[in-house]
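Novice: Submitted below is the structure of interest, expressed as C-alpha coordinates.
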Amino acid sequence: MKKEKGFLFLKQNFTFLSRSSNLLLYPITLILLLLLIFFSELQEQIANFTWIYSSSMQTLAAIIALLPISYSYYLRKVEDEKGKHYDGYILKKLEKDVYYEMMFVIIFSVITIIVNLFFLFSDYKEHLAIIATAFTLYSMQFIIVYIYRLFDPDRVKQLLKEFDQGAKSKPSETQYTLDQFITSYLSLERTVKDFISNERDNELVDGLPLYDIVDELSKDFPDLEQYYDEFKEIIFHRNNLIHNYTDTTVDENKYQKIIELTNYFEQKNMHFISENIFSSVTIVKQNIISALQEYLHDFRTKDGALKQSQVGKLEETLASILQAHFVSDYFKTITEDEALDVDFAIVQNNYSNKLLVGVELKMTDVKHFTPLKNAFFKRMKNKYMYPFIINYNLNQNTFIMAYKTKQGKEQIETILE
(Lines give C-alpha, C1' and ligand atoms only; values in the text may rest on other atoms or scores of the structure.)
Protein backbone atom coordinates (compact mmCIF):
# COMPACT_ATOMS: atom_id res chain seq x y z
CA MET A 1 0.00 0.00 0.00
CA LYS A 2 2.83 2.40 0.86
CA LYS A 3 4.58 1.57 -2.42
CA GLU A 4 1.37 2.31 -4.29
CA LYS A 5 0.98 5.69 -2.57
CA GLY A 6 4.60 6.52 -3.30
CA PHE A 7 4.11 5.65 -6.94
CA LEU A 8 0.98 7.80 -7.17
CA PHE A 9 2.84 10.69 -5.53
CA LEU A 10 5.69 10.48 -8.06
CA LYS A 11 3.30 10.00 -10.97
CA GLN A 12 1.22 13.03 -10.04
CA ASN A 13 4.33 15.17 -9.52
CA PHE A 14 5.62 14.19 -12.95
CA THR A 15 2.23 15.12 -14.39
CA PHE A 16 2.34 18.44 -12.57
CA LEU A 17 5.85 19.24 -13.84
CA SER A 18 4.83 18.40 -17.41
CA ARG A 19 1.68 20.52 -17.40
CA SER A 20 1.41 22.90 -20.35
CA SER A 21 1.43 25.88 -17.98
CA ASN A 22 4.73 24.74 -16.47
CA LEU A 23 6.20 23.94 -19.88
CA LEU A 24 5.32 27.46 -20.97
CA LEU A 25 6.89 29.07 -17.90
CA TYR A 26 10.14 27.07 -17.87
CA PRO A 27 11.79 29.11 -20.66
CA ILE A 28 10.32 32.37 -19.36
CA THR A 29 11.77 31.73 -15.90
CA LEU A 30 15.10 30.77 -17.47
CA ILE A 31 15.17 33.98 -19.57
CA LEU A 32 14.42 36.01 -16.44
CA LEU A 33 17.31 34.28 -14.66
CA LEU A 34 19.68 34.96 -17.57
CA LEU A 35 18.67 38.62 -17.58
CA LEU A 36 19.44 38.84 -13.86
CA ILE A 37 22.83 37.25 -14.46
CA PHE A 38 23.57 39.58 -17.39
CA PHE A 39 22.79 42.74 -15.42
CA SER A 40 24.28 41.43 -12.16
CA GLU A 41 26.65 43.71 -10.18
CA LEU A 42 26.88 41.56 -7.09
CA GLN A 43 30.69 41.62 -7.08
CA GLU A 44 30.63 45.36 -6.48
CA GLN A 45 27.84 45.37 -3.87
CA ILE A 46 28.38 42.52 -1.43
CA ALA A 47 25.40 43.54 0.74
CA ASN A 48 23.04 42.29 -1.97
CA PHE A 49 24.03 38.69 -1.16
CA THR A 50 22.45 38.76 2.26
CA TRP A 51 19.35 40.51 0.86
CA ILE A 52 18.87 37.78 -1.79
CA TYR A 53 19.14 34.96 0.72
CA SER A 54 17.10 36.49 3.55
CA SER A 55 14.32 38.02 1.41
CA SER A 56 13.94 34.79 -0.58
CA MET A 57 13.50 32.78 2.59
CA GLN A 58 10.99 35.25 4.09
CA THR A 59 8.94 35.54 0.90
CA LEU A 60 8.77 31.80 0.31
CA ALA A 61 7.92 31.09 3.94
CA ALA A 62 5.02 33.53 3.80
CA ILE A 63 3.68 32.05 0.54
CA ILE A 64 4.08 28.46 1.77
CA ALA A 65 1.89 29.38 4.74
CA LEU A 66 -0.85 30.37 2.29
CA LEU A 67 -0.81 27.03 0.47
CA PRO A 68 -2.65 25.00 3.16
CA ILE A 69 -5.19 27.82 3.46
CA SER A 70 -5.80 27.73 -0.29
CA TYR A 71 -6.02 23.93 -0.15
CA SER A 72 -8.63 24.08 2.64
CA TYR A 73 -10.69 26.56 0.66
CA TYR A 74 -10.44 24.29 -2.35
CA LEU A 75 -11.63 21.27 -0.33
CA ARG A 76 -14.68 23.22 0.82
CA LYS A 77 -15.50 24.02 -2.80
CA VAL A 78 -15.12 20.34 -3.72
CA GLU A 79 -17.36 19.35 -0.81
CA ASP A 80 -20.06 21.68 -2.14
CA GLU A 81 -20.02 19.82 -5.44
CA LYS A 82 -20.73 16.42 -3.88
CA GLY A 83 -24.02 15.05 -5.09
CA LYS A 84 -24.54 18.00 -7.45
CA HIS A 85 -22.50 17.48 -10.58
CA TYR A 86 -19.81 14.83 -10.22
CA ASP A 87 -19.54 11.28 -8.95
CA GLY A 88 -17.50 10.57 -5.82
CA TYR A 89 -14.49 9.16 -7.68
CA ILE A 90 -13.94 12.49 -9.49
CA LEU A 91 -13.96 14.46 -6.24
CA LYS A 92 -11.62 11.99 -4.52
CA LYS A 93 -9.24 12.14 -7.45
CA LEU A 94 -9.29 15.95 -7.38
CA GLU A 95 -8.58 16.02 -3.65
CA LYS A 96 -5.75 13.51 -3.88
CA ASP A 97 -4.06 15.09 -6.91
CA VAL A 98 -4.17 18.58 -5.41
CA TYR A 99 -2.75 17.25 -2.14
CA TYR A 100 0.17 15.54 -3.91
CA GLU A 101 0.90 18.68 -5.92
CA MET A 102 0.78 20.86 -2.81
CA MET A 103 3.22 18.57 -1.00
CA PHE A 104 5.61 18.74 -3.96
CA VAL A 105 5.45 22.55 -4.06
CA ILE A 106 6.02 22.78 -0.30
CA ILE A 107 8.93 20.31 -0.38
CA PHE A 108 10.59 22.14 -3.28
CA SER A 109 10.10 25.49 -1.53
CA VAL A 110 11.54 24.15 1.72
CA ILE A 111 14.58 22.86 -0.21
CA THR A 112 14.92 26.37 -1.70
CA ILE A 113 14.85 27.91 1.79
CA ILE A 114 17.50 25.43 2.99
CA VAL A 115 19.69 26.26 -0.04
CA ASN A 116 19.37 29.99 0.69
CA LEU A 117 20.11 29.42 4.38
CA PHE A 118 23.18 27.29 3.57
CA PHE A 119 24.55 29.87 1.14
CA LEU A 120 23.89 32.65 3.65
CA PHE A 121 26.54 31.12 5.93
CA SER A 122 28.92 30.35 3.04
CA ASP A 123 31.29 32.52 1.08
CA TYR A 124 29.54 35.26 -0.80
CA LYS A 125 30.14 34.01 -4.32
CA GLU A 126 28.18 35.15 -7.36
CA HIS A 127 27.56 31.63 -8.71
CA LEU A 128 26.03 30.62 -5.33
CA ALA A 129 23.67 33.59 -5.48
CA ILE A 130 22.69 32.61 -9.03
CA ILE A 131 21.89 29.04 -7.90
CA ALA A 132 19.82 30.35 -4.98
CA THR A 133 18.00 32.75 -7.30
CA ALA A 134 17.23 29.92 -9.74
CA PHE A 135 15.71 27.83 -6.94
CA THR A 136 13.67 30.82 -5.76
CA LEU A 137 12.36 31.68 -9.25
CA TYR A 138 11.29 28.11 -9.98
CA SER A 139 9.66 27.84 -6.55
CA MET A 140 7.65 30.93 -7.38
CA GLN A 141 6.72 29.41 -10.74
CA PHE A 142 5.46 26.19 -9.17
CA ILE A 143 3.46 28.11 -6.58
CA ILE A 144 1.83 30.26 -9.28
CA VAL A 145 0.96 27.21 -11.39
CA TYR A 146 -0.35 25.33 -8.36
CA ILE A 147 -2.68 28.15 -7.27
CA TYR A 148 -3.87 28.60 -10.86
CA ARG A 149 -4.56 24.87 -11.13
CA LEU A 150 -6.59 24.95 -7.90
CA PHE A 151 -9.23 27.06 -9.56
CA ASP A 152 -8.83 25.98 -13.18
CA PRO A 153 -12.41 25.54 -14.53
CA ASP A 154 -11.23 22.99 -17.10
CA ARG A 155 -9.54 20.74 -14.55
CA VAL A 156 -12.53 18.42 -14.15
CA LYS A 157 -13.05 18.17 -17.90
CA GLN A 158 -9.43 17.14 -18.40
CA LEU A 159 -9.74 14.59 -15.61
CA LEU A 160 -12.88 13.10 -17.14
CA LYS A 161 -11.06 12.68 -20.45
CA GLU A 162 -8.20 10.91 -18.67
CA PHE A 163 -10.62 8.43 -17.09
CA ASP A 164 -12.58 7.84 -20.29
CA GLN A 165 -10.17 5.37 -21.82
CA GLY A 166 -10.44 1.78 -22.97
CA ALA A 167 -11.14 0.14 -26.27
CA LYS A 168 -12.54 2.54 -28.83
CA SER A 169 -14.96 1.21 -31.41
CA LYS A 170 -14.24 1.55 -35.10
CA PRO A 171 -16.17 4.22 -37.01
CA SER A 172 -19.70 3.00 -37.70
CA GLU A 173 -22.65 4.18 -39.75
CA THR A 174 -24.78 3.94 -36.61
CA GLN A 175 -24.67 7.15 -34.63
CA TYR A 176 -26.04 7.20 -31.10
CA THR A 177 -27.19 10.42 -29.44
CA LEU A 178 -26.48 11.52 -25.89
CA ASP A 179 -30.17 11.03 -25.07
CA GLN A 180 -30.05 7.40 -26.27
CA PHE A 181 -26.89 6.74 -24.26
CA ILE A 182 -28.21 8.31 -21.04
CA THR A 183 -31.58 6.55 -21.36
CA SER A 184 -29.84 3.19 -21.75
CA TYR A 185 -27.46 4.03 -18.90
CA LEU A 186 -30.35 4.79 -16.54
CA SER A 187 -32.03 1.55 -17.58
CA LEU A 188 -28.83 -0.34 -16.71
CA GLU A 189 -28.60 1.43 -13.35
CA ARG A 190 -32.22 0.55 -12.52
CA THR A 191 -31.72 -3.09 -13.55
CA VAL A 192 -28.60 -3.43 -11.40
CA LYS A 193 -30.35 -1.84 -8.44
CA ASP A 194 -33.20 -4.32 -8.87
CA PHE A 195 -30.70 -7.16 -8.95
CA ILE A 196 -29.09 -6.07 -5.68
CA SER A 197 -32.38 -5.35 -3.89
CA ASN A 198 -34.21 -8.54 -4.91
CA GLU A 199 -33.41 -10.18 -1.58
CA ARG A 200 -32.24 -7.15 0.38
CA ASP A 201 -33.49 -3.86 1.77
CA ASN A 202 -34.10 -1.34 -1.00
CA GLU A 203 -32.44 1.37 1.07
CA LEU A 204 -29.09 -0.27 0.35
CA VAL A 205 -29.12 1.16 -3.18
CA ASP A 206 -31.76 3.89 -3.15
CA GLY A 207 -29.36 6.80 -2.85
CA LEU A 208 -26.30 5.27 -4.52
CA PRO A 209 -25.24 6.11 -8.07
CA LEU A 210 -24.09 3.25 -10.27
CA TYR A 211 -20.41 4.06 -9.74
CA ASP A 212 -20.67 3.74 -5.95
CA ILE A 213 -22.65 0.52 -6.30
CA VAL A 214 -19.97 -1.04 -8.49
CA ASP A 215 -17.11 0.30 -6.40
CA GLU A 216 -18.50 -0.52 -2.96
CA LEU A 217 -20.72 -3.58 -3.48
CA SER A 218 -19.01 -5.58 -6.22
CA LYS A 219 -17.06 -7.60 -3.63
CA ASP A 220 -20.38 -8.87 -2.27
CA PHE A 221 -21.87 -9.70 -5.66
CA PRO A 222 -19.80 -11.94 -7.96
CA ASP A 223 -21.91 -10.96 -10.97
CA LEU A 224 -20.98 -7.32 -10.47
CA GLU A 225 -17.33 -8.14 -9.85
CA GLN A 226 -17.23 -10.20 -13.04
CA TYR A 227 -18.02 -7.11 -15.11
CA TYR A 228 -16.22 -4.56 -12.94
CA ASP A 229 -13.98 -3.22 -15.73
CA GLU A 230 -16.87 -2.94 -18.19
CA PHE A 231 -18.92 -0.98 -15.65
CA LYS A 232 -16.02 1.40 -15.03
CA GLU A 233 -15.56 2.06 -18.76
CA ILE A 234 -19.26 2.81 -19.17
CA ILE A 235 -19.41 5.10 -16.13
CA PHE A 236 -16.30 7.06 -17.11
CA HIS A 237 -17.64 7.50 -20.64
CA ARG A 238 -21.02 8.63 -19.35
CA ASN A 239 -19.47 11.34 -17.17
CA ASN A 240 -17.15 12.49 -19.93
CA LEU A 241 -20.11 12.74 -22.32
CA ILE A 242 -22.17 14.83 -19.92
CA HIS A 243 -19.45 17.35 -19.08
CA ASN A 244 -17.51 17.33 -22.39
CA TYR A 245 -20.29 16.67 -24.88
CA THR A 246 -19.20 19.42 -27.29
CA ASP A 247 -15.96 17.58 -28.09
CA THR A 248 -16.94 13.98 -27.19
CA THR A 249 -19.17 11.59 -29.14
CA VAL A 250 -20.97 8.46 -27.99
CA ASP A 251 -18.71 5.43 -28.27
CA GLU A 252 -20.64 2.63 -29.96
CA ASN A 253 -18.60 -0.05 -28.20
CA LYS A 254 -19.53 1.30 -24.77
CA TYR A 255 -23.15 1.77 -25.81
CA GLN A 256 -23.36 -1.89 -26.84
CA LYS A 257 -21.81 -2.90 -23.52
CA ILE A 258 -24.67 -1.11 -21.74
CA ILE A 259 -27.21 -3.10 -23.75
CA GLU A 260 -25.41 -6.39 -23.06
CA LEU A 261 -25.11 -5.75 -19.33
CA THR A 262 -28.74 -4.63 -19.08
CA ASN A 263 -29.90 -7.83 -20.78
CA TYR A 264 -27.64 -9.93 -18.56
CA PHE A 265 -28.93 -8.49 -15.27
CA GLU A 266 -32.51 -8.44 -16.54
CA GLN A 267 -32.21 -12.18 -17.13
CA LYS A 268 -30.86 -12.55 -13.59
CA ASN A 269 -33.86 -10.63 -12.26
CA MET A 270 -36.31 -12.76 -14.24
CA HIS A 271 -34.60 -15.90 -12.98
CA PHE A 272 -35.05 -14.67 -9.41
CA ILE A 273 -38.76 -14.13 -10.00
CA SER A 274 -39.14 -17.59 -11.51
CA GLU A 275 -37.26 -19.25 -8.66
CA ASN A 276 -38.68 -17.31 -5.70
CA ILE A 277 -41.98 -15.67 -6.66
CA PHE A 278 -43.93 -16.99 -9.67
CA SER A 279 -42.41 -19.73 -11.78
CA SER A 280 -45.13 -19.23 -14.40
CA VAL A 281 -48.53 -17.69 -14.98
CA THR A 282 -50.07 -20.99 -13.86
CA ILE A 283 -49.14 -20.28 -10.21
CA VAL A 284 -50.81 -16.87 -10.38
CA LYS A 285 -53.87 -18.29 -12.13
CA GLN A 286 -54.35 -21.03 -9.51
CA ASN A 287 -54.26 -18.54 -6.64
CA ILE A 288 -56.75 -16.26 -8.40
CA ILE A 289 -59.08 -19.20 -9.14
CA SER A 290 -58.98 -20.19 -5.47
CA ALA A 291 -59.92 -16.64 -4.48
CA LEU A 292 -62.77 -16.51 -7.01
CA GLN A 293 -64.15 -19.86 -5.87
CA GLU A 294 -64.00 -18.69 -2.26
CA TYR A 295 -65.95 -15.58 -3.22
CA LEU A 296 -68.58 -17.61 -5.07
CA HIS A 297 -68.95 -19.94 -2.10
CA ASP A 298 -69.31 -17.15 0.47
CA PHE A 299 -71.40 -14.57 -1.35
CA ARG A 300 -73.98 -16.43 -3.41
CA THR A 301 -77.49 -17.33 -2.30
CA LYS A 302 -78.84 -20.87 -2.31
CA ASP A 303 -80.28 -20.41 -5.80
CA GLY A 304 -76.86 -19.35 -7.10
CA ALA A 305 -77.50 -15.62 -7.42
CA LEU A 306 -75.11 -13.03 -6.01
CA LYS A 307 -76.16 -11.66 -2.62
CA GLN A 308 -77.69 -8.20 -2.98
CA SER A 309 -75.21 -6.73 -0.50
CA GLN A 310 -72.36 -7.64 -2.86
CA VAL A 311 -73.73 -6.12 -6.07
CA GLY A 312 -71.89 -2.82 -5.52
CA LYS A 313 -68.98 -4.19 -3.52
CA LEU A 314 -67.51 -6.78 -5.88
CA GLU A 315 -64.17 -5.06 -6.43
CA GLU A 316 -63.62 -4.19 -2.78
CA THR A 317 -64.51 -7.63 -1.42
CA LEU A 318 -62.70 -9.62 -4.10
CA ALA A 319 -59.55 -7.49 -3.75
CA SER A 320 -59.48 -8.29 -0.03
CA ILE A 321 -59.78 -12.01 -0.73
CA LEU A 322 -57.03 -11.85 -3.34
CA GLN A 323 -54.74 -10.18 -0.81
CA ALA A 324 -55.17 -13.15 1.51
CA HIS A 325 -54.20 -15.55 -1.28
CA PHE A 326 -51.00 -13.69 -2.23
CA VAL A 327 -48.57 -13.37 0.68
CA SER A 328 -44.77 -13.26 0.39
CA ASP A 329 -41.74 -11.38 1.66
CA TYR A 330 -40.70 -10.79 -1.95
CA PHE A 331 -43.77 -8.78 -3.04
CA LYS A 332 -46.59 -6.63 -1.75
CA THR A 333 -50.21 -6.33 -2.85
CA ILE A 334 -51.90 -3.06 -3.74
CA THR A 335 -55.68 -2.52 -3.80
CA GLU A 336 -57.82 -0.12 -5.80
CA ASP A 337 -57.29 2.71 -3.30
CA GLU A 338 -53.56 2.76 -4.03
CA ALA A 339 -53.28 1.45 -7.61
CA LEU A 340 -54.43 3.86 -10.29
CA ASP A 341 -54.69 1.52 -13.28
CA VAL A 342 -56.03 -1.77 -11.88
CA ASP A 343 -58.20 -2.96 -9.01
CA PHE A 344 -55.57 -5.28 -7.58
CA ALA A 345 -51.82 -5.35 -8.19
CA ILE A 346 -48.83 -7.39 -7.05
CA VAL A 347 -45.58 -5.41 -6.91
CA GLN A 348 -42.14 -6.84 -6.27
CA ASN A 349 -40.27 -5.65 -3.18
CA ASN A 350 -37.21 -4.32 -4.99
CA TYR A 351 -35.79 -0.96 -6.06
CA SER A 352 -38.09 -0.29 -9.04
CA ASN A 353 -41.14 -2.03 -7.53
CA LYS A 354 -41.51 -4.20 -10.61
CA LEU A 355 -45.15 -4.71 -11.60
CA LEU A 356 -45.78 -8.45 -11.55
CA VAL A 357 -49.55 -8.98 -11.65
CA GLY A 358 -52.35 -6.56 -12.51
CA VAL A 359 -55.99 -7.60 -12.02
CA GLU A 360 -58.94 -5.63 -13.38
CA LEU A 361 -62.41 -6.54 -12.00
CA LYS A 362 -65.60 -6.02 -14.00
CA MET A 363 -69.31 -6.84 -13.69
CA THR A 364 -70.98 -6.87 -17.10
CA ASP A 365 -72.37 -9.23 -19.74
CA VAL A 366 -70.29 -11.24 -22.22
CA LYS A 367 -71.09 -8.90 -25.11
CA HIS A 368 -69.57 -5.87 -23.39
CA PHE A 369 -66.74 -7.81 -21.76
CA THR A 370 -64.88 -8.54 -25.03
CA PRO A 371 -64.14 -4.87 -25.97
CA LEU A 372 -63.26 -4.13 -22.33
CA LYS A 373 -60.84 -7.06 -22.36
CA ASN A 374 -59.15 -5.95 -25.59
CA ALA A 375 -58.80 -2.37 -24.36
CA PHE A 376 -57.36 -3.58 -21.06
CA PHE A 377 -54.67 -5.75 -22.66
CA LYS A 378 -53.74 -2.91 -25.00
CA ARG A 379 -53.42 -0.52 -22.07
CA MET A 380 -51.39 -2.99 -20.00
CA LYS A 381 -48.97 -3.94 -22.80
CA ASN A 382 -45.39 -4.10 -21.47
CA LYS A 383 -46.55 -2.86 -18.07
CA TYR A 384 -47.46 -5.91 -15.97
CA MET A 385 -45.74 -9.25 -16.38
CA TYR A 386 -49.06 -11.05 -15.91
CA PRO A 387 -52.20 -8.95 -16.68
CA PHE A 388 -55.60 -10.41 -15.70
CA ILE A 389 -59.10 -9.13 -16.34
CA ILE A 390 -61.97 -10.85 -14.52
CA ASN A 391 -65.66 -10.39 -15.21
CA TYR A 392 -68.59 -11.54 -13.06
CA ASN A 393 -71.41 -12.61 -15.31
CA LEU A 394 -74.63 -11.72 -13.51
CA ASN A 395 -76.78 -13.80 -15.82
CA GLN A 396 -74.77 -17.02 -15.42
CA ASN A 397 -73.42 -16.33 -11.90
CA THR A 398 -69.89 -17.25 -13.01
CA PHE A 399 -66.53 -15.59 -13.43
CA ILE A 400 -64.82 -15.24 -16.81
CA MET A 401 -61.07 -14.76 -16.46
CA ALA A 402 -58.85 -13.60 -19.32
CA TYR A 403 -55.10 -13.28 -18.95
CA LYS A 404 -51.86 -13.23 -20.88
CA THR A 405 -48.81 -15.40 -20.40
CA LYS A 406 -45.29 -14.04 -20.12
CA GLN A 407 -44.93 -14.69 -23.85
CA GLY A 408 -48.03 -12.58 -24.60
CA LYS A 409 -50.44 -15.42 -25.43
CA GLU A 410 -54.06 -14.74 -24.42
CA GLN A 411 -56.04 -17.31 -22.42
CA ILE A 412 -59.69 -17.34 -21.26
CA GLU A 413 -61.27 -19.54 -18.57
CA THR A 414 -64.64 -19.78 -16.87
CA ILE A 415 -64.62 -20.26 -13.07
CA LEU A 416 -67.43 -22.02 -11.25
CA GLU A 417 -67.72 -22.69 -7.55
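Ligands are numbered from 1 in the order shown, chains are lettered A, B, ... in the order of the C-alpha coordinates, and residues start at 1 in each chain.
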What lies within 7 Å of region 399-411 of chain A using only C-alpha atoms, ignoring chain neighbours under 5 positions off, as a PDB file with N, CA and C atoms, in the first residue's frame?

Specialist:
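After the write, selection09.pdb holds the following:
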ATOM      1  N   VAL A 281     -47.211 -18.288 -15.161  1.00  0.00           N
ATOM      2  CA  VAL A 281     -48.531 -17.692 -14.984  1.00  0.00           C
ATOM      3  C   VAL A 281     -49.491 -18.679 -14.334  1.00  0.00           C
ATOM      4  N   MET A 385     -46.215  -7.972 -15.852  1.00  0.00           N
ATOM      5  CA  MET A 385     -45.738  -9.247 -16.378  1.00  0.00           C
ATOM      6  C   MET A 385     -46.916 -10.178 -16.675  1.00  0.00           C
ATOM      7  N   TYR A 386     -47.891 -10.197 -15.746  1.00  0.00           N
ATOM      8  CA  TYR A 386     -49.065 -11.050 -15.914  1.00  0.00           C
ATOM      9  C   TYR A 386     -50.332 -10.207 -15.729  1.00  0.00           C
ATOM     10  N   PRO A 387     -50.947  -9.715 -16.802  1.00  0.00           N
ATOM     11  CA  PRO A 387     -52.202  -8.952 -16.684  1.00  0.00           C
ATOM     12  C   PRO A 387     -53.420  -9.888 -16.693  1.00  0.00           C
ATOM     13  N   PHE A 388     -54.366  -9.624 -15.795  1.00  0.00           N
ATOM     14  CA  PHE A 388     -55.600 -10.410 -15.700  1.00  0.00           C
ATOM     15  C   PHE A 388     -56.799  -9.470 -15.721  1.00  0.00           C
ATOM     16  N   ILE A 389     -57.828  -9.846 -16.430  1.00  0.00           N
ATOM     17  CA  ILE A 389     -59.103  -9.127 -16.339  1.00  0.00           C
ATOM     18  C   ILE A 389     -60.178 -10.161 -16.045  1.00  0.00           C
ATOM     19  N   ILE A 390     -60.983  -9.890 -15.013  1.00  0.00           N
ATOM     20  CA  ILE A 390     -61.970 -10.854 -14.520  1.00  0.00           C
ATOM     21  C   ILE A 390     -63.349 -10.211 -14.536  1.00  0.00           C
ATOM     22  N   ASN A 391     -64.292 -10.907 -15.112  1.00  0.00           N
ATOM     23  CA  ASN A 391     -65.659 -10.389 -15.208  1.00  0.00           C
ATOM     24  C   ASN A 391     -66.634 -11.335 -14.499  1.00  0.00           C
ATOM     25  N   TYR A 392     -67.521 -10.746 -13.684  1.00  0.00           N
ATOM     26  CA  TYR A 392     -68.590 -11.540 -13.055  1.00  0.00           C
ATOM     27  C   TYR A 392     -69.829 -11.440 -13.921  1.00  0.00           C
ATOM     28  N   ASN A 393     -70.236 -12.563 -14.453  1.00  0.00           N
ATOM     29  CA  ASN A 393     -71.411 -12.613 -15.314  1.00  0.00           C
ATOM     30  C   ASN A 393     -72.656 -12.776 -14.448  1.00  0.00           C
ATOM     31  N   LEU A 416     -66.223 -21.673 -11.993  1.00  0.00           N
ATOM     32  CA  LEU A 416     -67.428 -22.021 -11.246  1.00  0.00           C
ATOM     33  C   LEU A 416     -67.030 -22.322  -9.802  1.00  0.00           C
TER      34      LEU A 416
END

Novice: Enter the distance from CA of Ala319 (chain A) to CA of Ile334 (chain A), in Å, rounded to one decimal.

Specialist: 8.8 Å

Novice: Quick one: pull the distance between CA of Ile258 (chain A) and CA of Phe181 (chain A), Å, one decimal.

Specialist: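 If I compute the distance from CA of Ile258 (chain A) to CA of Phe181 (chain A), I get 8.5 Å.
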
Novice: Using DSSP on the backbone coordinates, identify the residues of region 203-359 of chain A assigned to alpha helix (DSSP H); present them as a ChimeraX atom specification.

Specialist: /A:203-206,210-217,222-226,228-243,252-276,281-298,314-325

Novice: With a distance cut-off of 10 Å and only C-alpha atoms, select the neighbouring residues of Val347 (chain A), excluding the residue or stretch itself and same-chain residues fewer than 6 positions from it, and output the selection as a VMD selection string.

Specialist: chain A and resid 330 to 334 353 to 358 384

Novice: Using DSSP assignments from the backbone, pull out every residue in region 253-409 of chain A that falls under strand (DSSP E or B) and give it to me as a PyMOL selection string.

Specialist: chain A and resi 300+306+331-335+344-348+355-362+386-393+398-404

Novice: Would you mind listing what lies within 10 Å of Ser290 (chain A) as a PyMOL selection string, with only C-alpha atoms counted and same-chain residues fewer than 3 positions away left out?

Specialist: chain A and resi 285-287+293-296+321-322+325+415+417

Novice: Which of these, A:Leu204, A:Ala375, A:Leu241, A:Val214, has the shortest distance to Tyr351 (chain A) once you count only C-alpha atoms?

Specialist: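 Using only C-alpha atoms, the shortest distance to Tyr351 (chain A) belongs to A:Leu204.
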